[in-house]
>>> print(open('structure-v6.tsv').read())   # TSV, C-alpha atoms
chain	number	residue	atom	x	y	z
A	1	MET	CA	-6.08	3.41	-10.64
A	2	THR	CA	-5.02	6.84	-11.83
A	3	ALA	CA	-3.98	7.63	-8.27
A	4	ALA	CA	-1.62	4.64	-8.37
A	5	ASP	CA	0.05	6.01	-11.50
A	6	LEU	CA	0.36	9.52	-10.10
A	7	LEU	CA	1.66	8.38	-6.72
A	8	ALA	CA	4.40	6.35	-8.43
A	9	ASN	CA	5.93	9.73	-9.33
A	10	PRO	CA	7.96	10.90	-6.31
A	11	GLY	CA	7.16	14.50	-7.26
A	12	TYR	CA	3.51	14.07	-6.25
A	13	SER	CA	2.35	13.92	-2.67
A	14	VAL	CA	-0.87	12.23	-1.58
A	15	ARG	CA	-2.29	15.69	-0.95
A	16	THR	CA	-1.47	16.84	-4.49
A	17	VAL	CA	-2.91	13.70	-6.08
A	18	ALA	CA	-6.08	14.05	-4.02
A	19	ARG	CA	-6.49	17.63	-5.22
A	20	VAL	CA	-5.78	16.77	-8.88
A	21	LEU	CA	-8.32	13.92	-8.83
A	22	GLY	CA	-11.00	15.97	-7.11
A	23	PHE	CA	-11.03	14.32	-3.69
A	24	ALA	CA	-12.13	16.51	-0.80
A	25	SER	CA	-8.86	15.82	1.05
A	26	ALA	CA	-5.88	13.49	1.26
A	27	SER	CA	-7.78	11.66	4.00
A	28	HIS	CA	-10.68	11.09	1.60
A	29	LEU	CA	-8.29	9.58	-0.97
A	30	SER	CA	-6.72	7.39	1.73
A	31	GLY	CA	-10.14	6.11	2.79
A	32	ALA	CA	-11.03	5.29	-0.80
A	33	ALA	CA	-7.71	3.45	-1.27
A	34	ARG	CA	-8.36	1.35	1.83
A	35	ARG	CA	-11.92	0.62	0.74
A	36	VAL	CA	-11.09	-0.32	-2.84
A	37	ALA	CA	-7.58	-1.81	-2.67
A	38	GLY	CA	-7.01	-2.51	1.02
A	39	VAL	CA	-3.89	-0.33	1.21
A	40	THR	CA	-2.99	3.19	2.24
A	41	ALA	CA	-2.97	5.88	-0.44
A	42	ARG	CA	0.83	5.76	-0.53
A	43	GLY	CA	0.59	1.97	-0.96
A	44	LEU	CA	-1.27	2.41	-4.24
A	45	SER	CA	1.95	3.21	-6.05
A	46	ALA	CA	3.44	-0.15	-5.07
A	47	LEU	CA	0.38	-1.98	-6.40
A	48	GLY	CA	0.12	-0.06	-9.64
A	49	PRO	CA	-3.12	0.11	-11.63
A	50	ALA	CA	-3.26	-3.63	-12.35
A	51	GLY	CA	-2.64	-4.43	-8.69
A	52	VAL	CA	-5.42	-2.09	-7.56
A	53	LEU	CA	-7.84	-3.84	-9.90
A	54	SER	CA	-6.63	-7.28	-8.79
A	55	ALA	CA	-7.03	-6.38	-5.11
A	56	PHE	CA	-10.57	-5.21	-5.75
A	57	LEU	CA	-11.46	-8.30	-7.79
A	58	ARG	CA	-10.10	-10.63	-5.10
A	59	GLY	CA	-12.97	-9.37	-3.02
A	60	ARG	CA	-11.13	-8.65	0.22
A	61	THR	CA	-12.12	-5.04	-0.15
A	62	ARG	CA	-15.35	-3.25	-0.78
A	63	SER	CA	-16.84	-0.59	-2.94
A	64	ARG	CA	-19.23	1.82	-1.33
A	65	SER	CA	-21.71	1.42	-4.20
A	66	TRP	CA	-21.49	-2.38	-3.98
A	67	ALA	CA	-22.08	-2.31	-0.23
A	68	ALA	CA	-25.04	0.03	-0.65
A	69	ALA	CA	-26.64	-2.29	-3.22
A	70	ARG	CA	-26.76	-5.22	-0.81
>>> encode(input="structure-v6.tsv", output="structure tokens")
Amino acid sequence: MTAADLLANPGYSVRTVARVLGFASASHLSGAARRVAGVTARGLSALGPAGVLSAFLRGRTRSRSWAAAR
């Protein structure tokens, strides 16, 4: 959800946000965005934090920890 806030700022690239948030790479952040919210990393900004949470709660996405628990 923090990524969504940061990516809403046009001054931050996906690469920069990934580095600030401690992801191994922009690709890693993109994979997490697809897994959790069902969108690309750049698409997070359009959803916003509430939209990211809503997408996850709708259940059309998955969390790695949730999938591992099954």
>>> closest_residue(input="structure-v6.tsv", among="A:Ala18, A:Ser54, A:Leu6, A:Gly59", to="A:Ala32", atoms="only C-alpha atoms")
A:Ala18
>>> residues_around(input="structure-v6.tsv", residues="A:Arg15", least_positions_apart="6", cutoff="12 Å", atoms="all atoms listed in the file", output="list in words")
Ala3, Leu6, Leu7, Leu21, Gly22, Phe23, Ala24, Ser25, Ala26, Ser27, His28, Leu29, Ser30, Ala41 and Arg42 of chain A
>>> atom_distance(input="structure-v6.tsv", atom1="atom CA of A:Phe56", atom2="atom CA of A:Ala37")
5.5 Å
>>> closest_residue(input="structure-v6.tsv", among="A:Thr2, A:Val52, A:Gly38, A:Leu44", to="A:Val20", atoms="all atoms listed in the file")
A:Thr2
>>> atom_distance(input="structure-v6.tsv", atom1="atom CA of A:Val17", atom2="atom CA of A:Val36")
16.6 Å
>>> build_atoms(input="structure-v6.tsv", residues="stretch 17-35 of chain A", atoms="N, CA, C and O atoms", output="mmCIF file, in the frame of the given file")
data_model
loop_
_atom_site.group_PDB
_atom_site.id
_atom_site.type_symbol
_atom_site.label_atom_id
_atom_site.label_comp_id
_atom_site.auth_asym_id
_atom_site.auth_seq_id
_atom_site.Cartn_x
_atom_site.Cartn_y
_atom_site.Cartn_z
ATOM 1 N N VAL A 17 -2.131 14.639 -5.277
ATOM 2 C CA VAL A 17 -2.910 13.700 -6.080
ATOM 3 C C VAL A 17 -4.392 13.800 -5.726
ATOM 4 O O VAL A 17 -5.249 13.804 -6.612
ATOM 5 N N ALA A 18 -4.684 13.911 -4.449
ATOM 6 C CA ALA A 18 -6.080 14.050 -4.020
ATOM 7 C C ALA A 18 -6.705 15.297 -4.655
ATOM 8 O O ALA A 18 -7.830 15.252 -5.157
ATOM 9 N N ARG A 19 -5.970 16.387 -4.650
ATOM 10 C CA ARG A 19 -6.490 17.630 -5.220
ATOM 11 C C ARG A 19 -6.680 17.511 -6.734
ATOM 12 O O ARG A 19 -7.715 17.896 -7.280
ATOM 13 N N VAL A 20 -5.709 16.923 -7.426
ATOM 14 C CA VAL A 20 -5.780 16.770 -8.880
ATOM 15 C C VAL A 20 -6.972 15.886 -9.285
ATOM 16 O O VAL A 20 -7.656 16.162 -10.271
ATOM 17 N N LEU A 21 -7.238 14.853 -8.489
ATOM 18 C CA LEU A 21 -8.320 13.920 -8.830
ATOM 19 C C LEU A 21 -9.674 14.329 -8.285
ATOM 20 O O LEU A 21 -10.668 13.645 -8.511
ATOM 21 N N GLY A 22 -9.721 15.445 -7.573
ATOM 22 C CA GLY A 22 -11.000 15.970 -7.110
ATOM 23 C C GLY A 22 -11.510 15.408 -5.796
ATOM 24 O O GLY A 22 -12.689 15.540 -5.481
ATOM 25 N N PHE A 23 -10.627 14.784 -5.017
ATOM 26 C CA PHE A 23 -11.030 14.320 -3.690
ATOM 27 C C PHE A 23 -11.114 15.518 -2.756
ATOM 28 O O PHE A 23 -10.413 16.515 -2.938
ATOM 29 N N ALA A 24 -11.949 15.417 -1.749
ATOM 30 C CA ALA A 24 -12.130 16.510 -0.800
ATOM 31 C C ALA A 24 -10.865 16.746 0.018
ATOM 32 O O ALA A 24 -10.592 17.879 0.428
ATOM 33 N N SER A 25 -10.086 15.705 0.247
ATOM 34 C CA SER A 25 -8.860 15.820 1.050
ATOM 35 C C SER A 25 -7.996 14.587 0.824
ATOM 36 O O SER A 25 -8.447 13.585 0.230
ATOM 37 N N ALA A 26 -6.771 14.646 1.332
ATOM 38 C CA ALA A 26 -5.880 13.490 1.260
ATOM 39 C C ALA A 26 -6.467 12.340 2.079
ATOM 40 O O ALA A 26 -6.342 11.167 1.711
ATOM 41 N N SER A 27 -7.133 12.670 3.158
ATOM 42 C CA SER A 27 -7.780 11.660 4.000
ATOM 43 C C SER A 27 -8.885 10.936 3.232
ATOM 44 O O SER A 27 -9.051 9.718 3.366
ATOM 45 N N HIS A 28 -9.615 11.678 2.422
ATOM 46 C CA HIS A 28 -10.680 11.090 1.600
ATOM 47 C C HIS A 28 -10.077 10.106 0.596
ATOM 48 O O HIS A 28 -10.598 9.001 0.391
ATOM 49 N N LEU A 29 -8.984 10.474 -0.038
ATOM 50 C CA LEU A 29 -8.290 9.580 -0.970
ATOM 51 C C LEU A 29 -7.788 8.350 -0.234
ATOM 52 O O LEU A 29 -7.933 7.225 -0.721
ATOM 53 N N SER A 30 -7.226 8.523 0.947
ATOM 54 C CA SER A 30 -6.720 7.390 1.730
ATOM 55 C C SER A 30 -7.842 6.430 2.093
ATOM 56 O O SER A 30 -7.670 5.208 2.019
ATOM 57 N N GLY A 31 -8.991 6.965 2.473
ATOM 58 C CA GLY A 31 -10.140 6.110 2.790
ATOM 59 C C GLY A 31 -10.605 5.324 1.579
ATOM 60 O O GLY A 31 -10.929 4.143 1.685
ATOM 61 N N ALA A 32 -10.624 5.971 0.436
ATOM 62 C CA ALA A 32 -11.030 5.290 -0.800
ATOM 63 C C ALA A 32 -10.028 4.192 -1.160
ATOM 64 O O ALA A 32 -10.420 3.107 -1.591
ATOM 65 N N ALA A 33 -8.739 4.456 -0.979
ATOM 66 C CA ALA A 33 -7.710 3.450 -1.270
ATOM 67 C C ALA A 33 -7.874 2.237 -0.368
ATOM 68 O O ALA A 33 -7.794 1.093 -0.829
ATOM 69 N N ARG A 34 -8.151 2.473 0.904
ATOM 70 C CA ARG A 34 -8.360 1.350 1.830
ATOM 71 C C ARG A 34 -9.608 0.556 1.457
ATOM 72 O O ARG A 34 -9.611 -0.669 1.524
ATOM 73 N N ARG A 35 -10.663 1.265 1.095
ATOM 74 C CA ARG A 35 -11.920 0.620 0.740
ATOM 75 C C ARG A 35 -11.784 -0.218 -0.541
ATOM 76 O O ARG A 35 -12.261 -1.343 -0.614
#
